[in-house]
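Colleague: Got final36.pdb for you, PDB, C-alpha atoms:
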```
ATOM      1  CA  MET A   1     -31.598  22.689  -8.826
ATOM      2  CA  SER A   2     -30.524  20.078  -6.255
ATOM      3  CA  ASP A   3     -31.795  16.502  -6.194
ATOM      4  CA  ILE A   4     -33.881  17.031  -3.055
ATOM      5  CA  THR A   5     -35.569  20.073  -4.627
ATOM      6  CA  LYS A   6     -36.389  18.108  -7.783
ATOM      7  CA  ALA A   7     -37.705  15.255  -5.635
ATOM      8  CA  THR A   8     -39.933  17.715  -3.766
ATOM      9  CA  VAL A   9     -41.415  19.057  -7.005
ATOM     10  CA  PHE A  10     -42.047  15.547  -8.333
ATOM     11  CA  MET A  11     -43.690  14.519  -5.058
ATOM     12  CA  LEU A  12     -45.999  17.559  -5.078
ATOM     13  CA  LEU A  13     -47.053  16.765  -8.647
ATOM     14  CA  SER A  14     -47.676  13.199  -7.526
ATOM     15  CA  THR A  15     -49.870  14.175  -4.571
ATOM     16  CA  PHE A  16     -51.793  16.673  -6.722
ATOM     17  CA  SER A  17     -52.624  13.925  -9.219
ATOM     18  CA  LEU A  18     -53.456  11.568  -6.347
ATOM     19  CA  SER A  19     -55.965  14.036  -4.914
ATOM     20  CA  LEU A  20     -57.717  14.298  -8.289
ATOM     21  CA  SER A  21     -57.845  10.525  -8.616
ATOM     22  CA  GLY A  22     -59.355  10.359  -5.118
ATOM     23  CA  LEU A  23     -62.036  12.833  -6.156
ATOM     24  CA  LEU A  24     -62.914  10.773  -9.235
ATOM     25  CA  ALA A  25     -62.830   7.564  -7.203
ATOM     26  CA  LYS A  26     -65.352   9.085  -4.790
ATOM     27  CA  TYR A  27     -67.804   9.625  -7.652
ATOM     28  CA  LEU A  28     -67.123   6.324  -9.398
ATOM     29  CA  SER A  29     -67.461   4.280  -6.194
ATOM     30  CA  GLU A  30     -71.140   5.243  -6.134
ATOM     31  CA  THR A  31     -71.817   3.708  -9.570
ATOM     32  CA  MET A  32     -69.312   0.833  -9.812
ATOM     33  CA  THR A  33     -68.435  -2.114  -7.584
ATOM     34  CA  ILE A  34     -65.199  -1.872  -5.627
ATOM     35  CA  SER A  35     -63.617  -4.840  -7.389
ATOM     36  CA  LEU A  36     -64.475  -3.527 -10.858
ATOM     37  CA  LEU A  37     -63.258  -0.024  -9.999
ATOM     38  CA  SER A  38     -59.999  -1.437  -8.610
ATOM     39  CA  PHE A  39     -59.523  -3.613 -11.686
ATOM     40  CA  VAL A  40     -60.081  -0.653 -14.033
ATOM     41  CA  ARG A  41     -57.801   1.546 -11.962
ATOM     42  CA  PHE A  42     -54.959  -0.949 -12.373
ATOM     43  CA  LEU A  43     -55.573  -2.374 -15.848
ATOM     44  CA  LEU A  44     -56.103   0.831 -17.846
ATOM     45  CA  PRO A  45     -52.915   2.582 -16.625
ATOM     46  CA  SER A  46     -50.986  -0.605 -17.357
ATOM     47  CA  LEU A  47     -52.345  -0.785 -20.922
ATOM     48  CA  PHE A  48     -51.644   2.912 -21.518
ATOM     49  CA  LEU A  49     -48.073   2.588 -20.271
ATOM     50  CA  PHE A  50     -47.374  -0.543 -22.320
ATOM     51  CA  PHE A  51     -48.822   1.216 -25.385
ATOM     52  CA  PHE A  52     -46.403   4.137 -25.051
ATOM     53  CA  LEU A  53     -43.485   1.849 -24.153
ATOM     54  CA  ALA A  54     -44.102  -0.152 -27.340
ATOM     55  CA  PHE A  55     -42.714   2.803 -29.328
ATOM     56  CA  TYR A  56     -39.461   2.645 -27.351
ATOM     57  CA  LYS A  57     -38.352  -0.466 -25.517
ATOM     58  CA  ILE A  58     -40.023  -2.696 -22.961
ATOM     59  CA  THR A  59     -37.658  -4.290 -20.463
ATOM     60  CA  GLN A  60     -38.805  -7.501 -18.838
ATOM     61  CA  PRO A  61     -38.043  -7.587 -15.093
ATOM     62  CA  SER A  62     -35.385  -9.989 -13.947
ATOM     63  CA  ARG A  63     -35.991 -12.591 -11.273
ATOM     64  CA  GLU A  64     -34.620 -10.281  -8.571
ATOM     65  CA  MET A  65     -36.872  -7.420  -9.701
ATOM     66  CA  TRP A  66     -40.075  -9.438  -9.437
ATOM     67  CA  LYS A  67     -39.981  -9.598  -5.629
ATOM     68  CA  PRO A  68     -40.422  -5.835  -4.960
ATOM     69  CA  LEU A  69     -42.870  -5.591  -7.878
ATOM     70  CA  VAL A  70     -45.137  -8.347  -6.530
ATOM     71  CA  MET A  71     -44.848  -6.995  -2.981
ATOM     72  CA  ARG A  72     -45.906  -3.555  -4.142
ATOM     73  CA  ALA A  73     -48.777  -4.972  -6.207
ATOM     74  CA  ILE A  74     -50.132  -6.838  -3.171
ATOM     75  CA  PHE A  75     -49.931  -3.724  -1.000
ATOM     76  CA  MET A  76     -51.601  -1.646  -3.729
ATOM     77  CA  VAL A  77     -54.526  -4.047  -4.106
ATOM     78  CA  ALA A  78     -55.103  -4.197  -0.345
ATOM     79  CA  CYS A  79     -54.777  -0.420  -0.016
ATOM     80  CA  GLN A  80     -57.193   0.350  -2.848
ATOM     81  CA  TRP A  81     -59.807  -2.123  -1.630
ATOM     82  CA  CYS A  82     -59.771  -0.676   1.906
ATOM     83  CA  PHE A  83     -59.705   2.926   0.688
ATOM     84  CA  LEU A  84     -62.512   2.589  -1.879
ATOM     85  CA  THR A  85     -64.692   0.613   0.508
ATOM     86  CA  ALA A  86     -64.255   3.211   3.252
ATOM     87  CA  LEU A  87     -64.865   6.028   0.769
ATOM     88  CA  GLN A  88     -68.395   4.762   0.134
ATOM     89  CA  THR A  89     -69.340   5.730   3.695
ATOM     90  CA  LEU A  90     -66.863   8.439   4.685
ATOM     91  CA  THR A  91     -66.576  11.909   3.213
ATOM     92  CA  LEU A  92     -63.691  12.689   0.891
ATOM     93  CA  VAL A  93     -61.715  14.528   3.582
ATOM     94  CA  GLU A  94     -62.304  11.825   6.212
ATOM     95  CA  GLY A  95     -61.161   9.125   3.812
ATOM     96  CA  ILE A  96     -58.074  11.092   2.777
ATOM     97  CA  VAL A  97     -57.224  11.886   6.420
ATOM     98  CA  LEU A  98     -57.122   8.195   7.302
ATOM     99  CA  PHE A  99     -55.418   7.254   4.032
ATOM    100  CA  SER A 100     -52.769   9.908   4.694
ATOM    101  CA  THR A 101     -51.678   8.224   7.919
ATOM    102  CA  GLY A 102     -49.556   5.945   5.706
ATOM    103  CA  PRO A 103     -46.346   8.012   6.000
ATOM    104  CA  LEU A 104     -46.449   7.597   9.776
ATOM    105  CA  PHE A 105     -45.758   3.891   9.267
ATOM    106  CA  ILE A 106     -43.060   4.274   6.586
ATOM    107  CA  PRO A 107     -40.053   4.834   8.912
ATOM    108  CA  LEU A 108     -41.174   1.924  11.084
ATOM    109  CA  LEU A 109     -41.550  -0.413   8.105
ATOM    110  CA  GLU A 110     -38.189   0.662   6.670
ATOM    111  CA  LYS A 111     -36.586  -0.014  10.041
ATOM    112  CA  LEU A 112     -38.254  -3.413  10.428
ATOM    113  CA  MET A 113     -37.870  -4.623   6.842
ATOM    114  CA  PHE A 114     -34.560  -3.124   5.739
ATOM    115  CA  GLY A 115     -32.860  -1.791   8.883
ATOM    116  CA  THR A 116     -32.783   1.757   7.488
ATOM    117  CA  LYS A 117     -31.679   4.496   9.881
ATOM    118  CA  VAL A 118     -34.367   7.046  10.660
ATOM    119  CA  HIS A 119     -33.251  10.650  11.232
ATOM    120  CA  THR A 120     -34.499  12.332  14.385
ATOM    121  CA  THR A 121     -35.660  15.350  12.384
ATOM    122  CA  THR A 122     -37.837  13.103  10.220
ATOM    123  CA  VAL A 123     -39.468  11.578  13.302
ATOM    124  CA  ILE A 124     -40.166  15.035  14.731
ATOM    125  CA  CYS A 125     -41.689  16.234  11.452
ATOM    126  CA  LEU A 126     -43.838  13.116  11.254
ATOM    127  CA  GLY A 127     -44.997  13.729  14.815
ATOM    128  CA  VAL A 128     -45.965  17.307  13.992
ATOM    129  CA  THR A 129     -47.710  16.099  10.861
ATOM    130  CA  PHE A 130     -49.653  13.540  12.862
ATOM    131  CA  VAL A 131     -50.914  16.333  15.142
ATOM    132  CA  GLY A 132     -52.007  18.169  11.996
ATOM    133  CA  VAL A 133     -53.848  15.073  10.789
ATOM    134  CA  VAL A 134     -55.686  14.778  14.102
ATOM    135  CA  LEU A 135     -56.698  18.444  13.930
ATOM    136  CA  MET A 136     -57.743  18.069  10.298
ATOM    137  CA  ALA A 137     -60.093  15.271  11.331
ATOM    138  CA  GLY A 138     -62.384  17.981  12.682
ATOM    139  CA  ASP A 139     -64.321  18.034  15.912
ATOM    140  CA  TRP A 140     -63.352  14.973  17.940
ATOM    141  CA  SER A 141     -66.858  14.301  19.187
ATOM    142  CA  GLN A 142     -68.259  14.537  15.656
ATOM    143  CA  PHE A 143     -65.491  12.436  14.161
ATOM    144  CA  GLU A 144     -65.746   9.938  17.049
ATOM    145  CA  PHE A 145     -61.989   9.693  17.231
ATOM    146  CA  GLY A 146     -62.145   7.961  20.593
ATOM    147  CA  SER A 147     -64.254   5.139  19.114
ATOM    148  CA  THR A 148     -62.293   4.805  15.898
ATOM    149  CA  PHE A 149     -61.635   1.098  16.356
ATOM    150  CA  PHE A 150     -65.379   0.372  16.672
ATOM    151  CA  ARG A 151     -66.320   1.898  13.315
ATOM    152  CA  PRO A 152     -65.629  -0.493  10.434
ATOM    153  CA  GLU A 153     -65.259   2.270   7.835
ATOM    154  CA  LEU A 154     -62.628   4.063   9.932
ATOM    155  CA  LEU A 155     -60.803   0.784  10.512
ATOM    156  CA  LEU A 156     -60.703   0.243   6.752
ATOM    157  CA  GLY A 157     -59.420   3.787   6.278
ATOM    158  CA  LEU A 158     -56.604   3.199   8.759
ATOM    159  CA  LEU A 159     -55.773  -0.129   7.120
ATOM    160  CA  ALA A 160     -55.578   1.703   3.800
ATOM    161  CA  GLY A 161     -52.961   3.955   5.385
ATOM    162  CA  VAL A 162     -50.979   0.963   6.653
ATOM    163  CA  PHE A 163     -51.036  -0.778   3.264
ATOM    164  CA  ASN A 164     -50.206   2.539   1.594
ATOM    165  CA  SER A 165     -47.025   2.762   3.653
ATOM    166  CA  GLY A 166     -46.097  -0.771   2.575
ATOM    167  CA  SER A 167     -46.671   0.245  -1.042
ATOM    168  CA  GLN A 168     -44.432   3.292  -0.635
ATOM    169  CA  VAL A 169     -41.617   1.284   0.956
ATOM    170  CA  SER A 170     -41.823  -1.309  -1.812
ATOM    171  CA  LEU A 171     -41.922   1.448  -4.437
ATOM    172  CA  TYR A 172     -38.775   3.024  -3.026
ATOM    173  CA  ARG A 173     -36.924  -0.286  -3.228
ATOM    174  CA  ALA A 174     -38.296  -1.078  -6.678
ATOM    175  CA  SER A 175     -37.344   2.390  -7.977
ATOM    176  CA  LYS A 176     -33.685   1.547  -7.352
ATOM    177  CA  THR A 177     -33.774  -1.176 -10.015
ATOM    178  CA  SER A 178     -32.792  -0.693 -13.642
ATOM    179  CA  LEU A 179     -36.417  -0.320 -14.724
ATOM    180  CA  THR A 180     -37.625   3.113 -15.778
ATOM    181  CA  PRO A 181     -40.570   4.602 -13.824
ATOM    182  CA  ALA A 182     -42.891   3.849 -16.764
ATOM    183  CA  GLU A 183     -41.752   0.215 -16.988
ATOM    184  CA  LEU A 184     -41.882  -0.202 -13.220
ATOM    185  CA  ASN A 185     -45.465   0.985 -12.957
ATOM    186  CA  ALA A 186     -46.622  -0.808 -16.100
ATOM    187  CA  TRP A 187     -45.564  -4.195 -14.742
ATOM    188  CA  THR A 188     -46.791  -3.425 -11.214
ATOM    189  CA  PHE A 189     -50.250  -2.335 -12.398
ATOM    190  CA  LEU A 190     -50.508  -5.439 -14.580
ATOM    191  CA  VAL A 191     -49.702  -7.754 -11.653
ATOM    192  CA  ALA A 192     -52.176  -5.871  -9.440
ATOM    193  CA  ALA A 193     -54.907  -6.197 -12.089
ATOM    194  CA  ILE A 194     -54.278  -9.958 -12.234
ATOM    195  CA  PHE A 195     -54.677 -10.165  -8.455
ATOM    196  CA  VAL A 196     -57.992  -8.257  -8.580
ATOM    197  CA  PHE A 197     -59.490 -10.252 -11.471
ATOM    198  CA  PRO A 198     -60.741 -13.207  -9.342
ATOM    199  CA  MET A 199     -62.586 -10.724  -7.110
ATOM    200  CA  ILE A 200     -64.492  -9.444 -10.163
ATOM    201  CA  ALA A 201     -65.760 -12.929 -11.008
ATOM    202  CA  VAL A 202     -67.154 -13.387  -7.495
ATOM    203  CA  THR A 203     -68.788  -9.945  -7.267
ATOM    204  CA  SER A 204     -70.174 -10.216 -10.802
ATOM    205  CA  LEU A 205     -71.984 -13.448  -9.974
ATOM    206  CA  SER A 206     -73.454 -11.990  -6.786
ATOM    207  CA  SER A 207     -74.489  -8.784  -8.583
ATOM    208  CA  ALA A 208     -76.142 -10.773 -11.385
ATOM    209  CA  ALA A 209     -78.109 -12.796  -8.864
ATOM    210  CA  GLU A 210     -79.238  -9.589  -7.123
ATOM    211  CA  VAL A 211     -80.385  -8.038 -10.393
ATOM    212  CA  ILE A 212     -82.338 -11.152 -11.401
ATOM    213  CA  GLY A 213     -84.068 -11.465  -8.063
ATOM    214  CA  ASN A 214     -84.879  -7.807  -7.464
ATOM    215  CA  ASP A 215     -86.900  -5.330  -9.507
ATOM    216  CA  ARG A 216     -84.827  -2.451  -8.160
ATOM    217  CA  GLY A 217     -81.806  -4.136  -9.660
ATOM    218  CA  TYR A 218     -83.300  -3.740 -13.136
ATOM    219  CA  GLU A 219     -83.940  -0.056 -12.521
ATOM    220  CA  ALA A 220     -80.386   0.495 -11.268
ATOM    221  CA  LEU A 221     -78.987  -1.416 -14.232
ATOM    222  CA  ALA A 222     -81.065   0.627 -16.680
ATOM    223  CA  THR A 223     -79.885   3.873 -15.119
ATOM    224  CA  LEU A 224     -76.269   2.700 -15.204
ATOM    225  CA  LEU A 225     -76.518   1.734 -18.870
ATOM    226  CA  SER A 226     -78.006   5.044 -19.987
ATOM    227  CA  ILE A 227     -76.000   7.038 -22.514
ATOM    228  CA  ASP A 228     -75.342   9.949 -20.167
ATOM    229  CA  SER A 229     -74.175   7.659 -17.368
ATOM    230  CA  ILE A 230     -71.888   5.691 -19.664
ATOM    231  CA  SER A 231     -70.304   8.858 -21.044
ATOM    232  CA  TRP A 232     -69.673  10.291 -17.575
ATOM    233  CA  ILE A 233     -68.369   6.975 -16.262
ATOM    234  CA  GLY A 234     -66.075   6.634 -19.297
ATOM    235  CA  PHE A 235     -64.758  10.158 -18.801
ATOM    236  CA  GLY A 236     -64.208   9.496 -15.098
ATOM    237  CA  VAL A 237     -62.446   6.186 -15.712
ATOM    238  CA  PHE A 238     -60.155   7.761 -18.331
ATOM    239  CA  GLY A 239     -59.285  10.609 -15.980
ATOM    240  CA  LEU A 240     -58.725   8.171 -13.126
ATOM    241  CA  ALA A 241     -56.282   6.148 -15.225
ATOM    242  CA  LEU A 242     -54.435   9.283 -16.377
ATOM    243  CA  PHE A 243     -54.051  10.711 -12.872
ATOM    244  CA  THR A 244     -53.027   7.306 -11.524
ATOM    245  CA  ILE A 245     -50.199   7.154 -14.076
ATOM    246  CA  ASN A 246     -49.064  10.678 -13.217
ATOM    247  CA  THR A 247     -49.121   9.867  -9.508
ATOM    248  CA  GLN A 248     -46.895   6.835  -9.786
ATOM    249  CA  ILE A 249     -44.503   8.177 -12.449
ATOM    250  CA  PHE A 250     -43.785  11.383 -10.547
ATOM    251  CA  ARG A 251     -43.429   9.483  -7.282
ATOM    252  CA  SER A 252     -40.992   6.986  -8.805
ATOM    253  CA  LYS A 253     -38.881   9.869 -10.123
ATOM    254  CA  ALA A 254     -38.914  11.498  -6.692
ATOM    255  CA  TYR A 255     -37.752   8.344  -4.917
ATOM    256  CA  LYS A 256     -34.892   7.896  -7.367
ATOM    257  CA  LEU A 257     -33.403  11.210  -6.186
ATOM    258  CA  VAL A 258     -33.359  10.611  -2.407
ATOM    259  CA  ASP A 259     -31.443   8.335  -0.064
ATOM    260  CA  SER A 260     -34.473   7.192   1.942
ATOM    261  CA  GLY A 261     -38.201   7.203   1.409
ATOM    262  CA  SER A 262     -38.646   8.771   4.863
ATOM    263  CA  GLN A 263     -37.187  12.043   3.561
ATOM    264  CA  LEU A 264     -40.274  12.560   1.390
ATOM    265  CA  ALA A 265     -42.790  11.012   3.776
ATOM    266  CA  PRO A 266     -44.299  14.273   5.142
ATOM    267  CA  LEU A 267     -44.871  15.551   1.602
ATOM    268  CA  ILE A 268     -47.335  12.747   1.001
ATOM    269  CA  PHE A 269     -49.656  14.574   3.415
ATOM    270  CA  THR A 270     -50.053  17.383   0.873
ATOM    271  CA  ASN A 271     -52.489  15.040  -0.833
ATOM    272  CA  MET A 272     -54.858  15.901   1.996
ATOM    273  CA  LEU A 273     -54.421  19.632   1.412
ATOM    274  CA  PHE A 274     -55.382  19.294  -2.251
ATOM    275  CA  SER A 275     -58.288  17.025  -1.325
ATOM    276  CA  ALA A 276     -59.489  19.607   1.198
ATOM    277  CA  LEU A 277     -59.619  22.111  -1.670
ATOM    278  CA  TRP A 278     -61.757  19.748  -3.775
ATOM    279  CA  GLN A 279     -63.981  19.211  -0.748
ATOM    280  CA  ILE A 280     -64.624  22.958  -0.559
ATOM    281  CA  LEU A 281     -65.198  23.370  -4.297
ATOM    282  CA  PHE A 282     -67.374  20.338  -4.975
ATOM    283  CA  PHE A 283     -68.980  19.494  -1.628
ATOM    284  CA  ASP A 284     -69.510  22.974  -0.088
ATOM    285  CA  ASP A 285     -67.600  22.031   3.053
ATOM    286  CA  VAL A 286     -66.526  24.758   5.513
ATOM    287  CA  PHE A 287     -63.460  24.140   7.677
ATOM    288  CA  SER A 288     -63.289  25.072  11.330
ATOM    289  CA  THR A 289     -60.423  26.918  13.007
ATOM    290  CA  GLN A 290     -59.141  23.610  14.357
ATOM    291  CA  GLN A 291     -58.950  22.127  10.860
ATOM    292  CA  LEU A 292     -57.169  25.195   9.515
ATOM    293  CA  MET A 293     -54.606  24.835  12.307
ATOM    294  CA  GLY A 294     -54.061  21.244  11.206
ATOM    295  CA  ILE A 295     -53.501  22.346   7.610
ATOM    296  CA  ASN A 296     -50.908  24.904   8.742
ATOM    297  CA  LEU A 297     -49.078  22.315  10.841
ATOM    298  CA  ILE A 298     -48.885  19.925   7.896
ATOM    299  CA  VAL A 299     -47.528  22.640   5.599
ATOM    300  CA  VAL A 300     -44.903  23.718   8.167
ATOM    301  CA  ALA A 301     -43.812  20.126   8.806
ATOM    302  CA  SER A 302     -43.529  19.407   5.081
ATOM    303  CA  ILE A 303     -41.470  22.507   4.335
ATOM    304  CA  THR A 304     -39.259  21.977   7.391
ATOM    305  CA  ASN A 305     -38.548  18.370   6.518
ATOM    306  CA  THR A 306     -37.711  19.342   2.932
ATOM    307  CA  LEU A 307     -35.252  22.020   4.031
ATOM    308  CA  LEU A 308     -33.607  19.721   6.582
ATOM    309  CA  ALA A 309     -33.361  16.895   4.047
ATOM    310  CA  LYS A 310     -31.703  19.331   1.644
ATOM    311  CA  ARG A 311     -29.191  20.302   4.344
ATOM    312  CA  HIS A 312     -28.433  16.640   5.086
ATOM    313  CA  SER A 313     -27.913  16.030   1.367
ATOM    314  CA  LYS A 314     -25.455  18.916   1.063
ATOM    315  CA  ALA A 315     -23.555  17.783   4.162
ATOM    316  CA  LYS A 316     -23.272  14.262   2.784
ATOM    317  CA  THR A 317     -21.994  15.605  -0.543
ATOM    318  CA  LYS A 318     -19.315  17.679   1.182
ATOM    319  CA  GLN A 319     -18.148  14.760   3.293
ATOM    320  CA  THR A 320     -17.643  12.441   0.320
ATOM    321  CA  PRO A 321     -14.700  14.300  -1.310
ATOM    322  CA  ARG A 322     -12.979  14.624   2.065
ATOM    323  CA  GLY A 323     -13.201  10.915   2.624
ATOM    324  CA  THR A 324     -11.769  10.303  -0.825
ATOM    325  CA  ILE A 325      -8.869  12.707  -0.212
ATOM    326  CA  ASN A 326      -8.064  11.046   3.105
ATOM    327  CA  GLU A 327      -8.031   7.618   1.452
ATOM    328  CA  ILE A 328      -5.680   8.882  -1.268
ATOM    329  CA  ALA A 329      -3.398  10.494   1.306
ATOM    330  CA  SER A 330      -3.263   7.311   3.384
ATOM    331  CA  SER A 331      -2.437   5.301   0.285
ATOM    332  CA  VAL A 332       0.373   7.656  -0.694
ATOM    333  CA  LEU A 333       1.847   7.690   2.821
ATOM    334  CA  GLY A 334       1.654   3.898   2.991
ATOM    335  CA  SER A 335       3.500   3.550  -0.311
ATOM    336  CA  ALA A 336       6.174   5.997   0.831
ATOM    337  CA  ALA A 337       6.687   4.079   4.079
ATOM    338  CA  LYS A 338       7.115   0.801   2.219
ATOM    339  CA  SER A 339       9.706   2.291  -0.125
TER     340      SER A 339
END
```
Could you express the structure from this file as C-alpha cells?
Modeller:
Amino acid sequence: MSDITKATVFMLLSTFSLSLSGLLAKYLSETMTISLLSFVRFLLPSLFLFFFLAFYKITQPSREMWKPLVMRAIFMVACQWCFLTALQTLTLVEGIVLFSTGPLFIPLLEKLMFGTKVHTTTVICLGVTFVGVVLMAGDWSQFEFGSTFFRPELLLGLLAGVFNSGSQVSLYRASKTSLTPAELNAWTFLVAAIFVFPMIAVTSLSSAAEVIGNDRGYEALATLLSIDSISWIGFGVFGLALFTINTQIFRSKAYKLVDSGSQLAPLIFTNMLFSALWQILFFDDVFSTQQLMGINLIVVASITNTLLAKRHSKAKTKQTPRGTINEIASSVLGSAAKS
C-alpha cells in the first residue's frame, strides 16, 4: 500500500470521527455553554492522551516546536467557538457545510504563509468540491445564500471554516516535527484548554447572575443537574473526547505521509457526507435532487484528487533515482577528466 493510499484511509477515519463529534456537539451545545463545551472538548482529550503517554515516554516540545503548536491551538479555539455558536442556530448539515469550506482556504494560506506550490489539479478539484458544497446547501432561496453575509450565524459558520483551514495548515507543519501524533495533539489540546479557561470564568459569572435573578434559571439548573441529564451529558462528553482524539491522531498520521496538505484537502469534505447520514438517521431530513448532486460532486472530486495525488507521488519517486544516477555519472566523468 502506497503512502498516499494510507494517507487517504487515515483521513477518511479522521473525517468519520469528526462527523460523530459534530453530532455529539450539536446535542451538547443545547445543554452546556459554548466556553464550557470548548474547554471540555480540549481538556479531556489532552488528559486522556497524557495518561496513555505516561506508560511510554512524553517528549517536551522544543522552542522551535512551540510556534506551530501555539498557532494551531489559537486557530482551534477560534474555530470551535465559531462552529459551536453557529451550531446552536443552524442545523447540523448547514453548520457542517459552512465548516467544510475550510479546505478551500488551505492552498491560499499555504501559498501566503509558506510559499508552497499549488498543483493545478488540486485547484480544479477544490473548485468542483466548492460547487458540490453550494449544491449541498440546499435550495438557495431557503438557505438565503445571497444574504449570507447578513446572517450572523452563517458568518460564524464561514469564519469557522477559515479558522479550520488555519488549523489544518498549522497541523501539517507541526506534524513534520519529531513529536508523535499523540504527543503533538496532547500538547496542542492542553494549550487550547488554557486559552479557553478565562472565557469560562466570564461566562460562569454571567450564568450565575442569571440563575440568581431569574426563576427560570433555577428550573433549568434543576433539570440540568438531574441524574438522567448528568448521565447523558457524561456519556456525550466522553464520546466527544474519544472522537476528538481519533480525529486528530488519524489526521496527523495522514499529513505525515504526504508532501503538501493540499493533496488531502478535498477529503476533508467527506466529513459533510458522514454528517448528512447522521442528519437523515437522527433528524429525519430528506435531501433534494440538488443536494444529492452536490454529494456526488464531492465524492468524485475527492476520488479524483486522491488518484491524481497518487500519480504525482509515483512520478516523483521515479524521478528521484534518475537524478541520483545523473549526479553519480557527472561526478565520475568529472573525476576522469581531472585525471
Colleague: What is the atom CA of Leu43 of chain A-atom CA of Leu12 of chain A distance in Å, reported with one decimal?
Modeller: 24.6 Å
Colleague: Between atom CA of Ile34 of chain A and atom CA of Leu108 of chain A, what is the spacing in Å?
Modeller: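 Those two atoms sit 29.5 Å apart.
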Colleague: Using the chain letters and numbering of this document, enumerate as a PyMOL selection string the residues selected by the PyMOL selection byres ((chain A and resi 59) around 12).
Modeller: chain A and resi 50+53-54+56-58+60-62+65+177-184+186-187
Colleague: How many Å lie between atom CA of Met76 of chain A and atom CA of Ser38 of chain A, rounded to one decimal?
Modeller: 9.7 Å
Colleague: Excluding Phe283 of chain A and any residue of its chain fewer than 4 positions from it, enumerate the residues within 12 Å of it, using only C-alpha atoms, and give them as a PyMOL selection string.
Modeller: chain A and resi 23+26-27+91-93+275-279+287
Colleague: With C-alpha atoms retained, export the selected residues as a CSV table (one decimal), keeping the file's coordinate frame.
Modeller:
```csv
chain,number,residue,atom,x,y,z
A,23,LEU,CA,-62.0,12.8,-6.2
A,26,LYS,CA,-65.4,9.1,-4.8
A,27,TYR,CA,-67.8,9.6,-7.7
A,91,THR,CA,-66.6,11.9,3.2
A,92,LEU,CA,-63.7,12.7,0.9
A,93,VAL,CA,-61.7,14.5,3.6
A,275,SER,CA,-58.3,17.0,-1.3
A,276,ALA,CA,-59.5,19.6,1.2
A,277,LEU,CA,-59.6,22.1,-1.7
A,278,TRP,CA,-61.8,19.7,-3.8
A,279,GLN,CA,-64.0,19.2,-0.7
A,287,PHE,CA,-63.5,24.1,7.7
```
Colleague: Restricting the calculation to all atoms listed in the file: of A:Asn271, A:Gln290, A:Ser252, A:Ser29, which residue gets closest to Lys176 of chain A?
Modeller: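 Among the listed residues, the smallest separation from Lys176 of chain A belongs to A:Ser252.
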Colleague: For each of A:Thr120, A:Thr89, A:Thr244, A:Ser175, take the minimum atom-to-atom distance to Phe42 of chain A, counting only C-alpha atoms, then give the residue where this is smallest.
Modeller: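 Of A:Thr120, A:Thr89, A:Thr244, A:Ser175, the one nearest Phe42 of chain A, counting only C-alpha atoms, is A:Thr244.
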Colleague: Give me the result of the PyMOL selection byres ((chain A and resi 101) around 9) on this file, residue by residue, as an mmCIF file with C-alpha atoms, keeping the file's coordinate frame.
Modeller:
```cif
data_model
loop_
_atom_site.group_PDB
_atom_site.id
_atom_site.type_symbol
_atom_site.label_atom_id
_atom_site.label_comp_id
_atom_site.auth_asym_id
_atom_site.auth_seq_id
_atom_site.Cartn_x
_atom_site.Cartn_y
_atom_site.Cartn_z
ATOM 1 C CA ILE A 96 -58.074 11.092 2.777
ATOM 2 C CA VAL A 97 -57.224 11.886 6.420
ATOM 3 C CA LEU A 98 -57.122 8.195 7.302
ATOM 4 C CA PHE A 99 -55.418 7.254 4.032
ATOM 5 C CA SER A 100 -52.769 9.908 4.694
ATOM 6 C CA GLY A 102 -49.556 5.945 5.706
ATOM 7 C CA PRO A 103 -46.346 8.012 6.000
ATOM 8 C CA LEU A 104 -46.449 7.597 9.776
ATOM 9 C CA PHE A 105 -45.758 3.891 9.267
ATOM 10 C CA PHE A 130 -49.653 13.540 12.862
ATOM 11 C CA VAL A 133 -53.848 15.073 10.789
ATOM 12 C CA LEU A 158 -56.604 3.199 8.759
ATOM 13 C CA ALA A 160 -55.578 1.703 3.800
ATOM 14 C CA GLY A 161 -52.961 3.955 5.385
ATOM 15 C CA VAL A 162 -50.979 0.963 6.653
ATOM 16 C CA ASN A 164 -50.206 2.539 1.594
ATOM 17 C CA SER A 165 -47.025 2.762 3.653
ATOM 18 C CA PHE A 269 -49.656 14.574 3.415
#
```
Colleague: Kindly resolve the PyMOL selection byres ((chain A and resi 254) around 8) on the present coordinates and return the residues as a list in words.
Modeller: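 Matching residues under the PyMOL selection byres ((chain A and resi 254) around 8) are Lys6, Ala7, Thr8, Val9, Phe10, Met11, Phe250, Arg251, Ser252, Lys253, Tyr255, Lys256, Leu257 and Val258 of chain A.
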Colleague: Of the residues A:Ile4, A:Leu49, A:Ile200, A:Ile303, which is the one nearest to Leu242 of chain A, using all atoms listed in the file?
Modeller: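 Selected residue with least distance to Leu242 of chain A: A:Leu49.
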Colleague: I'd like the contact shell of segment 190-197 of chain A - 7 Å cut-off, all atoms listed in the file, skipping same-chain residues fewer than 6 positions apart - returned as a list in words.
Modeller: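 So, after excluding close chain neighbours, the residues are Ser35, Phe39, Phe42, Leu43, Ser46, Val70, Ala73, Ile74 and Val77 of chain A.
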Colleague: Just C-alpha atoms for this one: save the residues we selected as a short mmCIF file (atom, residue, chain, number, x, y, z; two decimals), in the coordinates of the input.
Modeller:
```cif
data_model
loop_
_atom_site.label_atom_id
_atom_site.label_comp_id
_atom_site.auth_asym_id
_atom_site.auth_seq_id
_atom_site.Cartn_x
_atom_site.Cartn_y
_atom_site.Cartn_z
CA SER A 35 -63.62 -4.84 -7.39
CA PHE A 39 -59.52 -3.61 -11.69
CA PHE A 42 -54.96 -0.95 -12.37
CA LEU A 43 -55.57 -2.37 -15.85
CA SER A 46 -50.99 -0.60 -17.36
CA VAL A 70 -45.14 -8.35 -6.53
CA ALA A 73 -48.78 -4.97 -6.21
CA ILE A 74 -50.13 -6.84 -3.17
CA VAL A 77 -54.53 -4.05 -4.11
#
```
Colleague: When distances are computed from only C-alpha atoms, which of A:Pro266, A:Gly157, A:Pro198, A:Gly166 shows the smallest separation from Glu94 of chain A?
Modeller: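 For Glu94 of chain A, the nearest of the given residues is A:Gly157.
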Colleague: For Trp232 of chain A, which of A:Trp66, A:Leu28, A:Met199, A:Leu297 is the closest residue, counting only C-alpha atoms?
Modeller: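 Of the candidates, the smallest distance to Trp232 of chain A is held by A:Leu28.
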